[in-house]
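Working notes, structure below.
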Amino acid sequence: SYVNAIKVREFCDFNNNISPYQAGVSAVYKYSPTQELVWQVTNNRNGEDEDIYLYGRPEGINKSKFPVISTLNWNGLFADKTVQLRYALSYGSQADGKNIMYFTAGNIYERGPVLAYVDVLYAREDLDSHGIITGMQGGEVLTPVTAQNTEYFTLIGNLDYRIHPNWNVYVKGVYETARVSKSNGIFEKGNYRTSWNAQACVEYFPMKNSELLIFAHLLYKGYSLSDRAKTIGGV
């Protein structure tokens, strides 16, 4: 997302279920004053698999020999920096023969008092590191396991308007899906959960050049589970 994480009132489910802190190296190639490519390689594990995956690795799957993830990021500024595009593609290893792929796209408009952006987030995981679908297993499942072949999609729309140097208002909407791309064990192929939220916020900045603020935030959040989610105990 375009906004500093400290200022986010309610994270989308996608961002709320990934680890934001990883160690690695990166290289930047700025091939024009307004465009650049960033290549990054980081550690894809910040703990043991039993901690990363809700029920550990499924039986018969071994640890990754090279648990790293690589990202290629393109940043472009257009129309005197009014339009800012930030796209990234990531691919990495989760376990032996099991991989993960991310695609993210940030599309930002910033001019005068207006800040608007549309973010698209997509993850395709051989092992369910987000844990949303895995976590739906209830008492009906005697031996719960980590789901495989999961997909997560998120669409975020945000509009900020700085009505005064001390006052800002914004509205934000998020739409998300969680699905299985290929049947495995008790997890049938198809959509498991659709979620959405709508937000409206008024912010007051009492001091100039300070991030200190007082705010009133309204949030509506809804979830819809499919029949296949309810079958495994999802509520």
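Every chain in the structure tokens takes a letter, A first, then B, and so on in the order presented; its residues are numbered from 1, and the ligands are numbered from 1 following the presented order.
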So which residues touch segment 16-18 of chain A within 12 Å, counting only C-alpha atoms, skipping near sequence neighbours fewer than 6 positions away, as a PDB file with all heavy atoms, in the first residue's frame?
ATOM      1  N   ALA A   5       2.597   2.246   7.060  1.00  0.00           N
ATOM      2  CA  ALA A   5       1.834   1.245   7.814  1.00  0.00           C
ATOM      3  C   ALA A   5       1.330   1.778   9.154  1.00  0.00           C
ATOM      4  O   ALA A   5       0.285   1.346   9.656  1.00  0.00           O
ATOM      5  CB  ALA A   5       2.687   0.007   8.034  1.00  0.00           C
ATOM      6  N   VAL A   8      -2.193   3.191   8.850  1.00  0.00           N
ATOM      7  CA  VAL A   8      -3.288   2.341   8.384  1.00  0.00           C
ATOM      8  C   VAL A   8      -4.175   1.970   9.565  1.00  0.00           C
ATOM      9  O   VAL A   8      -3.714   1.403  10.547  1.00  0.00           O
ATOM     10  CB  VAL A   8      -2.750   1.073   7.699  1.00  0.00           C
ATOM     11  CG1 VAL A   8      -3.897   0.155   7.301  1.00  0.00           C
ATOM     12  CG2 VAL A   8      -1.915   1.442   6.481  1.00  0.00           C
ATOM     13  N   ARG A   9      -5.451   2.288   9.480  1.00  0.00           N
ATOM     14  CA  ARG A   9      -6.379   1.996  10.579  1.00  0.00           C
ATOM     15  C   ARG A   9      -6.779   0.520  10.594  1.00  0.00           C
ATOM     16  O   ARG A   9      -6.889  -0.103  11.637  1.00  0.00           O
ATOM     17  CB  ARG A   9      -7.646   2.847  10.438  1.00  0.00           C
ATOM     18  CG  ARG A   9      -7.401   4.313  10.248  1.00  0.00           C
ATOM     19  CD  ARG A   9      -6.952   5.000  11.530  1.00  0.00           C
ATOM     20  NE  ARG A   9      -6.622   6.379  11.227  1.00  0.00           N
ATOM     21  CZ  ARG A   9      -5.405   6.860  11.134  1.00  0.00           C
ATOM     22  NH1 ARG A   9      -4.379   6.087  11.378  1.00  0.00           N
ATOM     23  NH2 ARG A   9      -5.187   8.113  10.819  1.00  0.00           N
ATOM     24  N   GLU A  10      -7.042  -0.022   9.407  1.00  0.00           N
ATOM     25  CA  GLU A  10      -7.483  -1.412   9.284  1.00  0.00           C
ATOM     26  C   GLU A  10      -6.790  -2.027   8.074  1.00  0.00           C
ATOM     27  O   GLU A  10      -7.018  -1.614   6.936  1.00  0.00           O
ATOM     28  CB  GLU A  10      -9.003  -1.483   9.107  1.00  0.00           C
ATOM     29  CG  GLU A  10      -9.561  -2.875   8.925  1.00  0.00           C
ATOM     30  CD  GLU A  10      -9.536  -3.714  10.193  1.00  0.00           C
ATOM     31  OE1 GLU A  10      -9.418  -3.131  11.294  1.00  0.00           O
ATOM     32  OE2 GLU A  10      -9.636  -4.948  10.087  1.00  0.00           O
ATOM     33  N   ASN A  44      13.188 -16.183   2.932  1.00  0.00           N
ATOM     34  CA  ASN A  44      11.747 -16.428   2.888  1.00  0.00           C
ATOM     35  C   ASN A  44      11.233 -17.097   4.159  1.00  0.00           C
ATOM     36  O   ASN A  44      10.093 -17.532   4.212  1.00  0.00           O
ATOM     37  CB  ASN A  44      11.387 -17.289   1.672  1.00  0.00           C
ATOM     38  CG  ASN A  44       9.904 -17.231   1.350  1.00  0.00           C
ATOM     39  OD1 ASN A  44       9.251 -16.223   1.592  1.00  0.00           O
ATOM     40  ND2 ASN A  44       9.362 -18.310   0.795  1.00  0.00           N
ATOM     41  N   ARG A  45      12.086 -17.189   5.179  1.00  0.00           N
ATOM     42  CA  ARG A  45      11.663 -17.814   6.438  1.00  0.00           C
ATOM     43  C   ARG A  45      12.123 -16.947   7.604  1.00  0.00           C
ATOM     44  O   ARG A  45      13.294 -16.598   7.701  1.00  0.00           O
ATOM     45  CB  ARG A  45      12.280 -19.213   6.592  1.00  0.00           C
ATOM     46  CG  ARG A  45      11.759 -20.234   5.602  1.00  0.00           C
ATOM     47  CD  ARG A  45      12.540 -21.523   5.688  1.00  0.00           C
ATOM     48  NE  ARG A  45      12.508 -22.102   7.021  1.00  0.00           N
ATOM     49  CZ  ARG A  45      13.230 -23.152   7.398  1.00  0.00           C
ATOM     50  NH1 ARG A  45      14.073 -23.694   6.551  1.00  0.00           N
ATOM     51  NH2 ARG A  45      13.140 -23.629   8.614  1.00  0.00           N
ATOM     52  N   ASN A  46      11.201 -16.573   8.474  1.00  0.00           N
ATOM     53  CA  ASN A  46      11.581 -15.841   9.686  1.00  0.00           C
ATOM     54  C   ASN A  46      11.358 -16.710  10.932  1.00  0.00           C
ATOM     55  O   ASN A  46      11.192 -16.209  12.028  1.00  0.00           O
ATOM     56  CB  ASN A  46      10.797 -14.538   9.810  1.00  0.00           C
ATOM     57  CG  ASN A  46       9.302 -14.754   9.861  1.00  0.00           C
ATOM     58  OD1 ASN A  46       8.829 -15.885   9.726  1.00  0.00           O
ATOM     59  ND2 ASN A  46       8.549 -13.695  10.058  1.00  0.00           N
ATOM     60  N   ILE A  52       5.621 -20.910  10.727  1.00  0.00           N
ATOM     61  CA  ILE A  52       5.147 -20.204   9.535  1.00  0.00           C
ATOM     62  C   ILE A  52       3.799 -20.746   9.081  1.00  0.00           C
ATOM     63  O   ILE A  52       2.891 -19.980   8.720  1.00  0.00           O
ATOM     64  CB  ILE A  52       6.179 -20.337   8.400  1.00  0.00           C
ATOM     65  CG1 ILE A  52       7.505 -19.668   8.812  1.00  0.00           C
ATOM     66  CG2 ILE A  52       5.650 -19.730   7.110  1.00  0.00           C
ATOM     67  CD1 ILE A  52       8.637 -19.902   7.841  1.00  0.00           C
ATOM     68  N   TYR A  53       3.656 -22.075   9.092  1.00  0.00           N
ATOM     69  CA  TYR A  53       2.416 -22.706   8.636  1.00  0.00           C
ATOM     70  C   TYR A  53       1.627 -23.177   9.847  1.00  0.00           C
ATOM     71  O   TYR A  53       2.184 -23.753  10.789  1.00  0.00           O
ATOM     72  CB  TYR A  53       2.722 -23.875   7.696  1.00  0.00           C
ATOM     73  CG  TYR A  53       3.618 -23.461   6.547  1.00  0.00           C
ATOM     74  CD1 TYR A  53       4.947 -23.888   6.483  1.00  0.00           C
ATOM     75  CD2 TYR A  53       3.151 -22.609   5.563  1.00  0.00           C
ATOM     76  CE1 TYR A  53       5.776 -23.481   5.454  1.00  0.00           C
ATOM     77  CE2 TYR A  53       3.972 -22.199   4.526  1.00  0.00           C
ATOM     78  CZ  TYR A  53       5.279 -22.627   4.471  1.00  0.00           C
ATOM     79  OH  TYR A  53       6.100 -22.208   3.456  1.00  0.00           O
ATOM     80  N   LEU A  54       0.333 -22.941   9.819  1.00  0.00           N
ATOM     81  CA  LEU A  54      -0.516 -23.176  10.982  1.00  0.00           C
ATOM     82  C   LEU A  54      -0.381 -24.594  11.531  1.00  0.00           C
ATOM     83  O   LEU A  54      -0.338 -24.802  12.743  1.00  0.00           O
ATOM     84  CB  LEU A  54      -1.977 -22.872  10.618  1.00  0.00           C
ATOM     85  CG  LEU A  54      -2.977 -22.833  11.759  1.00  0.00           C
ATOM     86  CD1 LEU A  54      -2.561 -21.805  12.806  1.00  0.00           C
ATOM     87  CD2 LEU A  54      -4.376 -22.500  11.227  1.00  0.00           C
ATOM     88  N   TYR A 102       4.097 -13.920  -5.834  1.00  0.00           N
ATOM     89  CA  TYR A 102       3.334 -12.723  -5.523  1.00  0.00           C
ATOM     90  C   TYR A 102       3.346 -11.791  -6.730  1.00  0.00           C
ATOM     91  O   TYR A 102       4.371 -11.641  -7.399  1.00  0.00           O
ATOM     92  CB  TYR A 102       3.960 -11.946  -4.367  1.00  0.00           C
ATOM     93  CG  TYR A 102       3.758 -12.512  -2.985  1.00  0.00           C
ATOM     94  CD1 TYR A 102       4.811 -13.157  -2.326  1.00  0.00           C
ATOM     95  CD2 TYR A 102       2.553 -12.378  -2.319  1.00  0.00           C
ATOM     96  CE1 TYR A 102       4.650 -13.659  -1.045  1.00  0.00           C
ATOM     97  CE2 TYR A 102       2.382 -12.879  -1.040  1.00  0.00           C
ATOM     98  CZ  TYR A 102       3.438 -13.510  -0.410  1.00  0.00           C
ATOM     99  OH  TYR A 102       3.270 -14.004   0.853  1.00  0.00           O
ATOM    100  N   ALA A 123      -1.498 -13.530  -4.534  1.00  0.00           N
ATOM    101  CA  ALA A 123      -0.533 -14.531  -4.087  1.00  0.00           C
ATOM    102  C   ALA A 123      -1.007 -15.913  -4.508  1.00  0.00           C
ATOM    103  O   ALA A 123      -2.183 -16.251  -4.358  1.00  0.00           O
ATOM    104  CB  ALA A 123      -0.364 -14.489  -2.564  1.00  0.00           C
ATOM    105  N   ASP A 128       0.008 -22.994   2.190  1.00  0.00           N
ATOM    106  CA  ASP A 128      -0.796 -21.853   2.638  1.00  0.00           C
ATOM    107  C   ASP A 128      -0.098 -21.065   3.750  1.00  0.00           C
ATOM    108  O   ASP A 128      -0.378 -21.249   4.927  1.00  0.00           O
ATOM    109  CB  ASP A 128      -2.163 -22.360   3.121  1.00  0.00           C
ATOM    110  CG  ASP A 128      -3.101 -21.226   3.470  1.00  0.00           C
ATOM    111  OD1 ASP A 128      -2.883 -20.091   3.003  1.00  0.00           O
ATOM    112  OD2 ASP A 128      -4.069 -21.479   4.214  1.00  0.00           O
ATOM    113  N   SER A 129       0.792 -20.145   3.355  1.00  0.00           N
ATOM    114  CA  SER A 129       1.494 -19.349   4.359  1.00  0.00           C
ATOM    115  C   SER A 129       0.608 -18.245   4.941  1.00  0.00           C
ATOM    116  O   SER A 129       0.825 -17.808   6.070  1.00  0.00           O
ATOM    117  CB  SER A 129       2.765 -18.725   3.757  1.00  0.00           C
ATOM    118  OG  SER A 129       2.455 -17.815   2.727  1.00  0.00           O
ATOM    119  N   HIS A 130      -0.394 -17.799   4.188  1.00  0.00           N
ATOM    120  CA  HIS A 130      -1.339 -16.823   4.742  1.00  0.00           C
ATOM    121  C   HIS A 130      -2.151 -17.438   5.886  1.00  0.00           C
ATOM    122  O   HIS A 130      -2.499 -16.756   6.841  1.00  0.00           O
ATOM    123  CB  HIS A 130      -2.295 -16.323   3.649  1.00  0.00           C
ATOM    124  CG  HIS A 130      -1.787 -15.151   2.887  1.00  0.00           C
ATOM    125  ND1 HIS A 130      -0.760 -15.251   1.966  1.00  0.00           N
ATOM    126  CD2 HIS A 130      -2.144 -13.839   2.897  1.00  0.00           C
ATOM    127  CE1 HIS A 130      -0.519 -14.065   1.449  1.00  0.00           C
ATOM    128  NE2 HIS A 130      -1.333 -13.189   1.992  1.00  0.00           N
ATOM    129  N   GLY A 131      -2.492 -18.722   5.749  1.00  0.00           N
ATOM    130  CA  GLY A 131      -3.178 -19.446   6.815  1.00  0.00           C
ATOM    131  C   GLY A 131      -4.669 -19.203   6.922  1.00  0.00           C
ATOM    132  O   GLY A 131      -5.329 -19.764   7.806  1.00  0.00           O
ATOM    133  N   ILE A 132      -5.240 -18.398   6.046  1.00  0.00           N
ATOM    134  CA  ILE A 132      -6.664 -18.080   6.148  1.00  0.00           C
ATOM    135  C   ILE A 132      -7.517 -19.310   5.842  1.00  0.00           C
ATOM    136  O   ILE A 132      -8.438 -19.653   6.593  1.00  0.00           O
ATOM    137  CB  ILE A 132      -7.027 -16.912   5.207  1.00  0.00           C
ATOM    138  CG1 ILE A 132      -6.332 -15.627   5.685  1.00  0.00           C
ATOM    139  CG2 ILE A 132      -8.538 -16.717   5.145  1.00  0.00           C
ATOM    140  CD1 ILE A 132      -6.514 -14.449   4.747  1.00  0.00           C
ATOM    141  N   ILE A 133      -7.219 -19.987   4.744  1.00  0.00           N
ATOM    142  CA  ILE A 133      -7.987 -21.184   4.383  1.00  0.00           C
ATOM    143  C   ILE A 133      -7.680 -22.320   5.350  1.00  0.00           C
ATOM    144  O   ILE A 133      -8.594 -23.013   5.824  1.00  0.00           O
ATOM    145  CB  ILE A 133      -7.691 -21.584   2.931  1.00  0.00           C
ATOM    146  CG1 ILE A 133      -8.232 -20.515   1.970  1.00  0.00           C
ATOM    147  CG2 ILE A 133      -8.302 -22.951   2.610  1.00  0.00           C
ATOM    148  CD1 ILE A 133      -7.914 -20.751   0.517  1.00  0.00           C
ATOM    149  N   GLY A 135      -6.896 -22.100   8.416  1.00  0.00           N
ATOM    150  CA  GLY A 135      -7.520 -21.792   9.697  1.00  0.00           C
ATOM    151  C   GLY A 135      -9.014 -21.997   9.742  1.00  0.00           C
ATOM    152  O   GLY A 135      -9.627 -21.875  10.813  1.00  0.00           O
ATOM    153  N   TYR A 152      -4.777 -16.004  -3.070  1.00  0.00           N
ATOM    154  CA  TYR A 152      -5.377 -14.861  -2.382  1.00  0.00           C
ATOM    155  C   TYR A 152      -5.324 -13.638  -3.294  1.00  0.00           C
ATOM    156  O   TYR A 152      -4.293 -13.353  -3.903  1.00  0.00           O
ATOM    157  CB  TYR A 152      -4.633 -14.572  -1.075  1.00  0.00           C
ATOM    158  CG  TYR A 152      -4.761 -15.679  -0.063  1.00  0.00           C
ATOM    159  CD1 TYR A 152      -3.759 -16.632   0.102  1.00  0.00           C
ATOM    160  CD2 TYR A 152      -5.908 -15.797   0.724  1.00  0.00           C
ATOM    161  CE1 TYR A 152      -3.884 -17.661   1.032  1.00  0.00           C
ATOM    162  CE2 TYR A 152      -6.038 -16.822   1.659  1.00  0.00           C
ATOM    163  CZ  TYR A 152      -5.023 -17.746   1.798  1.00  0.00           C
ATOM    164  OH  TYR A 152      -5.163 -18.759   2.715  1.00  0.00           O
ATOM    165  N   THR A 154      -6.580  -9.424  -3.591  1.00  0.00           N
ATOM    166  CA  THR A 154      -7.066  -8.244  -2.882  1.00  0.00           C
ATOM    167  C   THR A 154      -7.091  -7.041  -3.819  1.00  0.00           C
ATOM    168  O   THR A 154      -6.144  -6.826  -4.584  1.00  0.00           O
ATOM    169  CB  THR A 154      -6.162  -7.923  -1.669  1.00  0.00           C
ATOM    170  OG1 THR A 154      -6.232  -8.984  -0.742  1.00  0.00           O
ATOM    171  CG2 THR A 154      -6.602  -6.638  -0.984  1.00  0.00           C
TER     172      THR A 154
END
Contacts of Asn197 of chain A at 6 Å or less, counting only C-alpha atoms, minus same-chain residues fewer than 2 places along, as an NGL selection string? :A and (173-174 or 220-221)
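The two atoms in question, atom CA of Pro67 of chain A and atom CA of Gln137 of chain A, are spaced 27.1 Å apart.
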Would you mind listing, for every residue of segment 120-199 of chain A within 12 Å of segment 205-216 of chain A, the two atoms forming the shortest contact and the distance between them in Å to one decimal, using only C-alpha atoms, sorted by chain and ascending residue number, as a Markdown table?
| residue | atom | partner | partner_atom | distance |
| --- | --- | --- | --- | --- |
| A:Arg162 | CA | A:Phe205 | CA | 10.8 |
| A:Ile163 | CA | A:Phe205 | CA | 11.8 |
| A:His164 | CA | A:Phe205 | CA | 9.7 |
| A:Pro165 | CA | A:Phe205 | CA | 7.9 |
| A:Asn166 | CA | A:Phe205 | CA | 4.7 |
| A:Trp167 | CA | A:Phe205 | CA | 6.2 |
| A:Asn168 | CA | A:Phe205 | CA | 8.2 |
| A:Val169 | CA | A:Phe215 | CA | 9.4 |
| A:Tyr170 | CA | A:Ala216 | CA | 10.9 |
| A:Gln199 | CA | A:Ala216 | CA | 10.6 |
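With distances restricted to only C-alpha atoms, A:Asn99 is the closest residue to Glu125 of chain A from A:Thr194, A:Asn99, A:Ser224, A:Ser26.
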Determine, for each residue of segment 32-75 of chain A having at least one atom at most 9 Å from an atom of segment 140-147 of chain A, the closest pair of atoms and their separation in Å to one decimal, counting only C-alpha atoms; order by chain and ascending number, as JSON lines.
{"residue": "A:Tyr53", "atom": "CA", "partner": "A:Thr146", "partner_atom": "CA", "distance": 6.6}
{"residue": "A:Leu54", "atom": "CA", "partner": "A:Thr146", "partner_atom": "CA", "distance": 6.3}
{"residue": "A:Tyr55", "atom": "CA", "partner": "A:Thr146", "partner_atom": "CA", "distance": 5.2}
{"residue": "A:Gly56", "atom": "CA", "partner": "A:Thr146", "partner_atom": "CA", "distance": 6.5}
{"residue": "A:Arg57", "atom": "CA", "partner": "A:Thr146", "partner_atom": "CA", "distance": 6.6}
{"residue": "A:Pro58", "atom": "CA", "partner": "A:Thr146", "partner_atom": "CA", "distance": 6.1}
{"residue": "A:Glu59", "atom": "CA", "partner": "A:Val145", "partner_atom": "CA", "distance": 8.7}
Could the residues in this selection be written to a file with C-alpha atoms, as a CSV table (one decimal), in the first residue's frame?
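again.csv, written as the output of this step:
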chain,number,residue,atom,x,y,z
A,53,TYR,CA,2.4,-22.7,8.6
A,54,LEU,CA,-0.5,-23.2,11.0
A,55,TYR,CA,-0.1,-27.0,11.1
A,56,GLY,CA,3.4,-27.2,9.9
A,57,ARG,CA,4.5,-28.8,6.6
A,58,PRO,CA,2.1,-31.5,5.2
A,59,GLU,CA,3.4,-35.0,5.6
Selection: 7 Å around Asn158 of chain A, only C-alpha atoms, excl. self and same-chain fewer than 5 positions, as a ChimeraX atom specification: /A:116-118,171-173
Which residues are close to segment 71-84 of chain A, i.e. within 6 Å by only C-alpha atoms, leaving aside same-chain residues fewer than 6 positions away? Reply as a list in words. Thr34, Gln35, Glu36, Leu37, Val38, Trp39, Gln40, Ser90, Ile108, Tyr109, Glu110 and Arg111 of chain A
Near Leu218 of chain A, counting only C-alpha atoms, which residues have an atom at most 9 Å away, once you skip same-chain residues fewer than 4 positions from it, shown as number ranges by chain? A: 198-201
Go ahead and dump the residues you just picked, all heavy atoms, as an mmCIF file, in the first residue's frame.
data_model
loop_
_atom_site.group_PDB
_atom_site.id
_atom_site.type_symbol
_atom_site.label_atom_id
_atom_site.label_comp_id
_atom_site.auth_asym_id
_atom_site.auth_seq_id
_atom_site.Cartn_x
_atom_site.Cartn_y
_atom_site.Cartn_z
ATOM 1 N N ALA A 198 -15.366 -1.379 4.209
ATOM 2 C CA ALA A 198 -15.524 0.020 3.814
ATOM 3 C C ALA A 198 -15.130 0.889 4.997
ATOM 4 O O ALA A 198 -15.506 0.604 6.137
ATOM 5 C CB ALA A 198 -16.965 0.305 3.398
ATOM 6 N N GLN A 199 -14.362 1.928 4.720
ATOM 7 C CA GLN A 199 -13.860 2.792 5.783
ATOM 8 C C GLN A 199 -14.076 4.263 5.429
ATOM 9 O O GLN A 199 -14.003 4.651 4.265
ATOM 10 C CB GLN A 199 -12.357 2.554 6.003
ATOM 11 C CG GLN A 199 -11.981 1.116 6.274
ATOM 12 C CD GLN A 199 -10.480 0.920 6.358
ATOM 13 O OE1 GLN A 199 -9.764 1.720 6.959
ATOM 14 N NE2 GLN A 199 -9.987 -0.157 5.749
ATOM 15 N N ALA A 200 -14.307 5.058 6.447
ATOM 16 C CA ALA A 200 -14.375 6.516 6.305
ATOM 17 C C ALA A 200 -13.680 7.114 7.519
ATOM 18 O O ALA A 200 -13.853 6.636 8.644
ATOM 19 C CB ALA A 200 -15.820 6.994 6.232
ATOM 20 N N CYS A 201 -12.874 8.154 7.291
ATOM 21 C CA CYS A 201 -12.061 8.681 8.380
ATOM 22 C C CYS A 201 -11.915 10.200 8.274
ATOM 23 O O CYS A 201 -11.776 10.747 7.171
ATOM 24 C CB CYS A 201 -10.676 8.025 8.368
ATOM 25 S SG CYS A 201 -9.671 8.363 9.831
#
May I ask for the distance between atom CA of Asp160 of chain A and atom CA of His217 of chain A, given in Å to one decimal place?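 Rounded to one decimal, the two atoms are 13.4 Å apart.
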Smallest atom-to-atom distance to Asn149 of chain A: which of A:Asn191, A:Asn15, A:Asn184, A:Thr134, using only C-alpha atoms?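 Residue with the minimum atom-to-atom distance to Asn149 of chain A: A:Asn184.
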Which is closer to Trp196 of chain A than all the others in A:Gly24, A:Gly106, A:Gly157, A:Gly234, using only C-alpha atoms? A:Gly157
Given only C-alpha atoms as the basis, pick out the residue of A:Tyr161, A:Tyr122, A:Tyr204, A:Tyr21 nearest to Thr177 of chain A.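 Of A:Tyr161, A:Tyr122, A:Tyr204, A:Tyr21, the one nearest Thr177 of chain A is A:Tyr122, counting only C-alpha atoms.
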Could you pull out all residues of chain A with a DSSP call of strand (DSSP E) and give them as JSON, numbers by chain? {"A": [24, 25, 26, 27, 28, 29, 30, 31, 32, 35, 36, 37, 38, 39, 40, 41, 42, 43, 68, 69, 70, 71, 72, 73, 74, 75, 76, 77, 78, 83, 84, 85, 86, 87, 88, 89, 90, 91, 92, 93, 94, 95, 98, 99, 100, 101, 102, 103, 104, 105, 106, 107, 108, 109, 110, 111, 114, 115, 116, 117, 118, 119, 120, 121, 122, 123, 124, 125, 126, 127, 148, 149, 150, 151, 152, 153, 154, 155, 156, 157, 158, 159, 160, 161, 162, 163, 164, 167, 168, 169, 170, 171, 172, 173, 174, 175, 176, 177, 178, 179, 180, 190, 191, 192, 193, 194, 195, 196, 197, 198, 199, 200, 201, 202, 203, 204, 214, 215, 216, 217, 218, 219, 220, 221, 222, 223, 224, 225]}
Counting only C-alpha atoms, which residue out of A:Ile6, A:Ile100, A:Ile232, A:Val114 sits closest to Gly185 of chain A?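 Distance minimum relative to Gly185 of chain A lands on A:Ile232.
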DSSP-assigned alpha helix (DSSP H) among segment 16-206 of chain A, expressed as a ChimeraX atom specification: /A:16,49-52
Export, as a PDB file, in the first residue's frame, the selected residues with N, CA and C atoms.
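Below is the file that was written, out_18.pdb:
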ATOM      1  N   ASN A  16      -2.411  -8.435   6.437  1.00  0.00           N
ATOM      2  CA  ASN A  16      -2.455  -8.762   7.860  1.00  0.00           C
ATOM      3  C   ASN A  16      -1.956 -10.173   8.148  1.00  0.00           C
ATOM      4  N   ASP A  49       9.236 -23.919  10.033  1.00  0.00           N
ATOM      5  CA  ASP A  49       8.018 -24.159   9.264  1.00  0.00           C
ATOM      6  C   ASP A  49       6.810 -24.372  10.165  1.00  0.00           C
ATOM      7  N   GLU A  50       7.042 -24.926  11.346  1.00  0.00           N
ATOM      8  CA  GLU A  50       5.940 -25.149  12.288  1.00  0.00           C
ATOM      9  C   GLU A  50       5.364 -23.824  12.785  1.00  0.00           C
ATOM     10  N   ASP A  51       6.159 -22.768  12.706  1.00  0.00           N
ATOM     11  CA  ASP A  51       5.677 -21.444  13.095  1.00  0.00           C
ATOM     12  C   ASP A  51       5.063 -20.700  11.916  1.00  0.00           C
ATOM     13  N   ILE A  52       5.621 -20.910  10.727  1.00  0.00           N
ATOM     14  CA  ILE A  52       5.147 -20.204   9.535  1.00  0.00           C
ATOM     15  C   ILE A  52       3.799 -20.746   9.081  1.00  0.00           C
TER      16      ILE A  52
END
